[in-house]
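Undergrad: Structure: target.txt, compact mmCIF, C-alpha atoms.
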# COMPACT_ATOMS: atom_id res chain seq x y z
CA MET A 10 -34.16 -57.77 -34.92
CA LEU A 11 -34.71 -61.52 -34.82
CA ASP A 12 -38.14 -62.95 -35.67
CA LEU A 13 -38.60 -66.62 -34.74
CA GLY A 14 -41.75 -66.95 -36.84
CA SER A 15 -42.62 -67.22 -40.50
CA VAL A 16 -41.48 -64.61 -42.96
CA HIS A 17 -44.42 -62.55 -44.12
CA SER A 18 -44.51 -59.58 -46.49
CA ALA A 19 -46.63 -57.60 -43.99
CA THR A 20 -43.86 -57.95 -41.39
CA LEU A 21 -41.29 -56.67 -43.88
CA ARG A 22 -43.55 -53.72 -44.71
CA ALA A 23 -44.11 -52.96 -41.00
CA PHE A 24 -40.37 -52.54 -40.41
CA ALA A 25 -39.40 -51.10 -43.80
CA GLY A 26 -39.33 -47.56 -42.40
CA PHE A 27 -36.74 -48.41 -39.74
CA ARG A 28 -33.01 -48.72 -40.16
CA CYS A 29 -32.60 -52.27 -38.96
CA ARG A 30 -31.38 -55.71 -39.92
CA LEU A 31 -34.27 -58.15 -39.86
CA GLU A 32 -33.51 -61.84 -39.52
CA PHE A 33 -36.12 -64.59 -39.67
CA VAL A 34 -35.73 -68.12 -38.36
CA GLU A 35 -38.75 -70.36 -38.68
CA LEU A 36 -37.82 -72.19 -35.52
CA ALA A 37 -41.03 -74.25 -35.68
CA ASP A 38 -39.27 -76.49 -38.20
CA GLY A 39 -36.78 -77.60 -35.52
CA LEU A 40 -39.22 -78.17 -32.66
CA ASP A 41 -39.35 -81.95 -32.84
CA SER A 42 -35.57 -82.37 -32.76
CA LEU A 43 -35.14 -79.82 -29.95
CA ASN A 44 -37.90 -81.31 -27.80
CA GLY A 45 -36.87 -84.88 -28.57
CA GLU A 46 -33.28 -84.53 -27.37
CA ILE A 47 -32.50 -85.30 -23.71
CA ASP A 48 -28.84 -84.29 -23.52
CA ALA A 49 -28.62 -80.58 -22.56
CA ARG A 50 -25.38 -80.07 -24.49
CA ARG A 51 -26.90 -81.51 -27.67
CA ILE A 52 -30.05 -79.42 -27.29
CA ARG A 53 -27.88 -76.34 -27.06
CA GLN A 54 -25.87 -77.37 -30.15
CA GLN A 55 -29.08 -77.90 -32.11
CA ALA A 56 -30.53 -74.57 -30.97
CA ASP A 57 -27.30 -72.79 -31.90
CA ALA A 58 -27.33 -74.40 -35.36
CA LEU A 59 -30.95 -73.35 -36.00
CA LEU A 60 -30.33 -69.69 -35.16
CA PRO A 61 -28.59 -67.21 -37.47
CA VAL A 62 -24.86 -66.71 -37.14
CA ARG A 63 -23.68 -64.11 -34.66
CA HIS A 64 -22.98 -60.72 -36.15
CA THR A 65 -20.70 -57.98 -34.89
CA GLU A 66 -23.83 -55.88 -34.35
CA PRO A 67 -25.90 -57.63 -31.66
CA ILE A 68 -29.67 -58.13 -31.74
CA ASP A 69 -31.88 -55.55 -30.00
CA ILE A 70 -35.32 -57.18 -30.32
CA VAL A 71 -36.50 -60.79 -30.50
CA LEU A 72 -40.01 -61.75 -31.54
CA CYS A 73 -40.78 -65.17 -30.07
CA TRP A 74 -44.53 -64.99 -30.72
CA ASP A 75 -46.16 -68.17 -29.37
CA LEU A 76 -43.10 -70.38 -29.92
CA ILE A 77 -42.36 -70.44 -26.17
CA ASN A 78 -45.37 -72.73 -25.71
CA TYR A 79 -44.04 -75.31 -28.15
CA LEU A 80 -40.65 -75.81 -26.49
CA ASN A 81 -40.29 -78.09 -23.50
CA GLN A 82 -38.40 -76.55 -20.59
CA PRO A 83 -34.90 -77.84 -21.50
CA ALA A 84 -35.33 -76.73 -25.12
CA LEU A 85 -36.70 -73.33 -24.06
CA THR A 86 -33.68 -72.80 -21.83
CA ALA A 87 -31.25 -73.74 -24.61
CA VAL A 88 -32.93 -71.60 -27.27
CA MET A 89 -33.19 -68.51 -25.07
CA GLU A 90 -29.60 -68.90 -23.89
CA CYS A 91 -28.35 -69.14 -27.49
CA ILE A 92 -30.42 -66.09 -28.37
CA ALA A 93 -29.00 -64.20 -25.37
CA LEU A 94 -25.49 -64.73 -26.73
CA ARG A 95 -26.52 -62.96 -29.95
CA CYS A 96 -28.17 -60.01 -28.18
CA LYS A 97 -26.92 -56.81 -26.64
CA ARG A 98 -27.42 -56.21 -22.95
CA GLY A 99 -30.88 -54.78 -22.40
CA ALA A 100 -32.32 -56.43 -25.51
CA LEU A 101 -36.05 -57.10 -25.45
CA ALA A 102 -37.83 -60.36 -26.26
CA HIS A 103 -41.56 -60.53 -26.89
CA GLY A 104 -43.53 -63.71 -26.27
CA LEU A 105 -47.09 -64.95 -25.97
CA VAL A 106 -48.03 -67.73 -23.56
CA TYR A 107 -51.27 -69.71 -23.66
CA TYR A 108 -52.51 -68.88 -20.18
CA SER A 109 -56.21 -69.53 -19.75
CA ALA A 110 -56.65 -72.09 -22.54
CA LYS A 111 -55.80 -75.68 -21.66
CA ALA A 112 -55.25 -76.54 -25.33
CA MET A 113 -53.44 -74.81 -28.19
CA PRO A 114 -53.01 -75.47 -31.91
CA GLU A 115 -50.74 -78.37 -32.73
CA ARG A 116 -48.27 -76.08 -34.54
CA PRO A 117 -47.19 -72.49 -33.78
CA SER A 118 -49.33 -69.75 -35.28
CA THR A 119 -48.31 -67.13 -37.83
CA PHE A 120 -48.60 -63.54 -36.66
CA VAL A 121 -49.10 -60.82 -39.24
CA PRO A 122 -49.01 -57.07 -38.57
CA VAL A 123 -52.12 -55.32 -39.85
CA ASP A 124 -51.08 -51.80 -38.84
CA ASP A 125 -49.16 -50.04 -36.05
CA GLN A 126 -51.64 -51.22 -33.42
CA ARG A 127 -52.90 -54.62 -34.52
CA ILE A 128 -51.50 -58.07 -35.23
CA VAL A 129 -53.58 -60.94 -36.57
CA GLN A 130 -52.95 -64.51 -35.46
CA HIS A 131 -53.35 -67.12 -38.22
CA THR A 132 -53.79 -70.64 -36.89
CA THR A 133 -53.87 -73.79 -38.97
CA PRO A 134 -57.23 -75.42 -38.27
CA GLY A 135 -57.11 -78.95 -37.03
CA ARG A 136 -55.73 -80.85 -34.11
CA GLU A 137 -54.76 -79.33 -30.79
CA ARG A 138 -52.33 -80.27 -28.08
CA PRO A 139 -52.17 -79.51 -24.36
CA ALA A 140 -50.88 -76.03 -23.57
CA PRO A 141 -48.03 -75.98 -21.03
CA ARG A 142 -49.48 -72.79 -19.51
CA TYR A 143 -46.04 -71.62 -18.34
CA SER A 144 -46.21 -69.43 -15.25
CA PRO A 145 -43.90 -66.45 -14.77
CA GLU A 146 -41.96 -68.65 -12.30
CA ASP A 147 -41.55 -71.39 -14.93
CA LEU A 148 -40.29 -68.82 -17.41
CA ALA A 149 -37.85 -67.38 -14.84
CA ARG A 150 -36.41 -70.88 -14.29
CA CYS A 151 -36.13 -71.56 -18.02
CA MET A 152 -34.85 -68.11 -18.93
CA PRO A 153 -32.56 -67.04 -16.07
CA ARG A 154 -30.86 -64.26 -18.06
CA TYR A 155 -34.19 -62.56 -18.74
CA SER A 156 -36.50 -60.63 -16.45
CA VAL A 157 -40.13 -59.78 -17.11
CA GLU A 158 -40.23 -56.13 -18.12
CA ARG A 159 -43.98 -56.18 -18.69
CA GLY A 160 -46.78 -58.72 -18.76
CA ARG A 161 -50.45 -58.47 -19.49
CA LEU A 162 -53.38 -60.75 -20.09
CA LEU A 163 -54.86 -60.30 -23.55
CA ARG A 164 -58.54 -60.61 -24.45
CA ASN A 165 -57.84 -63.88 -26.26
CA GLY A 166 -56.62 -65.45 -22.98
CA MET A 167 -52.93 -65.33 -23.86
CA GLN A 168 -50.39 -63.76 -21.54
CA GLU A 169 -48.16 -61.30 -23.40
CA PHE A 170 -44.66 -60.85 -22.00
CA LEU A 171 -41.88 -58.42 -22.74
CA PHE A 172 -38.63 -59.82 -21.37
CA LYS A 173 -35.43 -57.86 -20.87
CA LEU A 174 -31.98 -59.40 -21.14
Is it possible to give me this structure as structure tokens?
TA:
Amino acid sequence: MLDLGSVHSATLRAFAGFRCRLEFVELADGLDSLNGEIDARRIRQQADALLPVRHTEPIDIVLCWDLINYLNQPALTAVMECIALRCKRGALAHGLVYYSAKAMPERPSTFVPVDDQRIVQHTTPGRERPAPRYSPEDLARCMPRYSVERGRLLRNGMQEFLFKL
């Protein structure tokens, strides 16, 4: 399992009962360099360098959280393509897209499991930025290897997606 968010002890506890390899990459630290690059090849190289090395055992699950919103379209394509190369066929990726809100926090949130049914979103108070409000069509263009397995609108106005590789 690959988690693109912050490492949190509650996340480790939530998955402690499963036989799995958990890898964390706080991809938020590389957002400015990924979004600031214009050459597609260089974006891909940067994305590849930020992600963990490929293992002989491929990834089954990717937790993108709200990171999708913070990547421009070329960077989103590069990151998800690099992730796809580390995953097994049929792997699942979970993501949250700011859908109804026109603004979002300036930095990605931290998501912490409370129990088997609930996750709490911790947002740093302060400035906001425009939300890209990616549509399913935008995501399909940016993530051509992935299809939407499930999508639903959450009470907080975010669109939750489960993508399948």
Undergrad: Return the single residue from A:Ala110, A:Leu101, A:Leu43, A:Glu66 that is closest to A:Arg159, with distances computed using only C-alpha atoms.
TA: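 Result for the nearest residue to A:Arg159: A:Leu101.
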Undergrad: Expressed in Å to a single decimal, how great is the separation between atom CA of A:Ala102 and atom CA of A:Arg28?
TA: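 One can read the atom CA of A:Ala102 to atom CA of A:Arg28 distance as 18.8 Å.
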Undergrad: I want to know what sits within 12 Å of A:Asp124, based on only C-alpha atoms, with residues of the same chain fewer than 2 positions away left out; could you give that as a list in words?
TA: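 Selected residues are Ala19, Thr20, Arg22, Ala23, Phe24, Val121, Pro122, Gln126, Arg127, Ile128 and Val129 of chain A.
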Undergrad: Could you write those residues out with C-alpha atoms, as a PDB file, keeping the file's coordinate frame?
TA:
ATOM      1  CA  ALA A  19     -46.630 -57.600 -43.990  1.00  0.00           C
ATOM      2  CA  THR A  20     -43.860 -57.950 -41.390  1.00  0.00           C
ATOM      3  CA  ARG A  22     -43.550 -53.720 -44.710  1.00  0.00           C
ATOM      4  CA  ALA A  23     -44.110 -52.960 -41.000  1.00  0.00           C
ATOM      5  CA  PHE A  24     -40.370 -52.540 -40.410  1.00  0.00           C
ATOM      6  CA  VAL A 121     -49.100 -60.820 -39.240  1.00  0.00           C
ATOM      7  CA  PRO A 122     -49.010 -57.070 -38.570  1.00  0.00           C
ATOM      8  CA  GLN A 126     -51.640 -51.220 -33.420  1.00  0.00           C
ATOM      9  CA  ARG A 127     -52.900 -54.620 -34.520  1.00  0.00           C
ATOM     10  CA  ILE A 128     -51.500 -58.070 -35.230  1.00  0.00           C
ATOM     11  CA  VAL A 129     -53.580 -60.940 -36.570  1.00  0.00           C
TER      12      VAL A 129
END
Undergrad: Kindly assemble as JSON lines a list of the stretch 125-162 of chain A residues that lie within 8 Å of stretch 67-84 of chain A, each paired with its nearest atom pair and their distance in Å to one decimal, using all atoms listed in the file, sorted first by chain and then by ascending residue number.
TA:
{"residue": "A:Ala140", "atom": "CA", "partner": "A:Asn78", "partner_atom": "CA", "distance": 6.8}
{"residue": "A:Pro141", "atom": "CA", "partner": "A:Asn78", "partner_atom": "CA", "distance": 6.3}
{"residue": "A:Arg142", "atom": "CA", "partner": "A:Asn78", "partner_atom": "CA", "distance": 7.4}
{"residue": "A:Tyr143", "atom": "CA", "partner": "A:Asn78", "partner_atom": "CA", "distance": 7.5}
{"residue": "A:Cys151", "atom": "CA", "partner": "A:Gln82", "partner_atom": "CA", "distance": 6.1}
Undergrad: What's the separation between atom CA of A:Ser109 and atom CA of A:Pro153, in Å to one decimal place?
TA: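 Here the two named atoms are 24.1 Å from each other.
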Undergrad: My list of candidates is A:Ser156, A:Thr119, A:Asn44, A:Gln54. Which is closest to A:Leu85 when distances are computed with all atoms listed in the file?
TA: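 Distance minimum relative to A:Leu85 lands on A:Asn44.
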Undergrad: Please identify all polymer residues within 10 Å of A:Asp38, counting all atoms listed in the file, omitting same-chain residues fewer than 6 positions from it, and present them as a PyMOL selection string.
TA: chain A and resi 14+59+116-117
Undergrad: With a distance cut-off of 12 Å and all atoms listed in the file, select the neighbouring residues of A:Arg50, excluding the residue or stretch itself and same-chain residues fewer than 2 positions from it, and output the selection as a PDB file with C-alpha atoms, in the coordinates of the input.
TA:
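Output file out.pdb is given in full below:
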ATOM      1  CA  LEU A  43     -35.140 -79.820 -29.950  1.00  0.00           C
ATOM      2  CA  GLU A  46     -33.280 -84.530 -27.370  1.00  0.00           C
ATOM      3  CA  ILE A  47     -32.500 -85.300 -23.710  1.00  0.00           C
ATOM      4  CA  ASP A  48     -28.840 -84.290 -23.520  1.00  0.00           C
ATOM      5  CA  ILE A  52     -30.050 -79.420 -27.290  1.00  0.00           C
ATOM      6  CA  ARG A  53     -27.880 -76.340 -27.060  1.00  0.00           C
ATOM      7  CA  GLN A  54     -25.870 -77.370 -30.150  1.00  0.00           C
ATOM      8  CA  GLN A  55     -29.080 -77.900 -32.110  1.00  0.00           C
ATOM      9  CA  ALA A  56     -30.530 -74.570 -30.970  1.00  0.00           C
ATOM     10  CA  ASP A  57     -27.300 -72.790 -31.900  1.00  0.00           C
ATOM     11  CA  PRO A  83     -34.900 -77.840 -21.500  1.00  0.00           C
ATOM     12  CA  ALA A  84     -35.330 -76.730 -25.120  1.00  0.00           C
ATOM     13  CA  THR A  86     -33.680 -72.800 -21.830  1.00  0.00           C
ATOM     14  CA  ALA A  87     -31.250 -73.740 -24.610  1.00  0.00           C
ATOM     15  CA  VAL A  88     -32.930 -71.600 -27.270  1.00  0.00           C
ATOM     16  CA  GLU A  90     -29.600 -68.900 -23.890  1.00  0.00           C
ATOM     17  CA  CYS A  91     -28.350 -69.140 -27.490  1.00  0.00           C
TER      18      CYS A  91
END
Undergrad: Just the residues within 9 Å of A:Gln168, please, counting all atoms listed in the file, with nothing from its chain fewer than 4 positions along; format it as a PyMOL selection string.
TA: chain A and resi 104-109+160-163
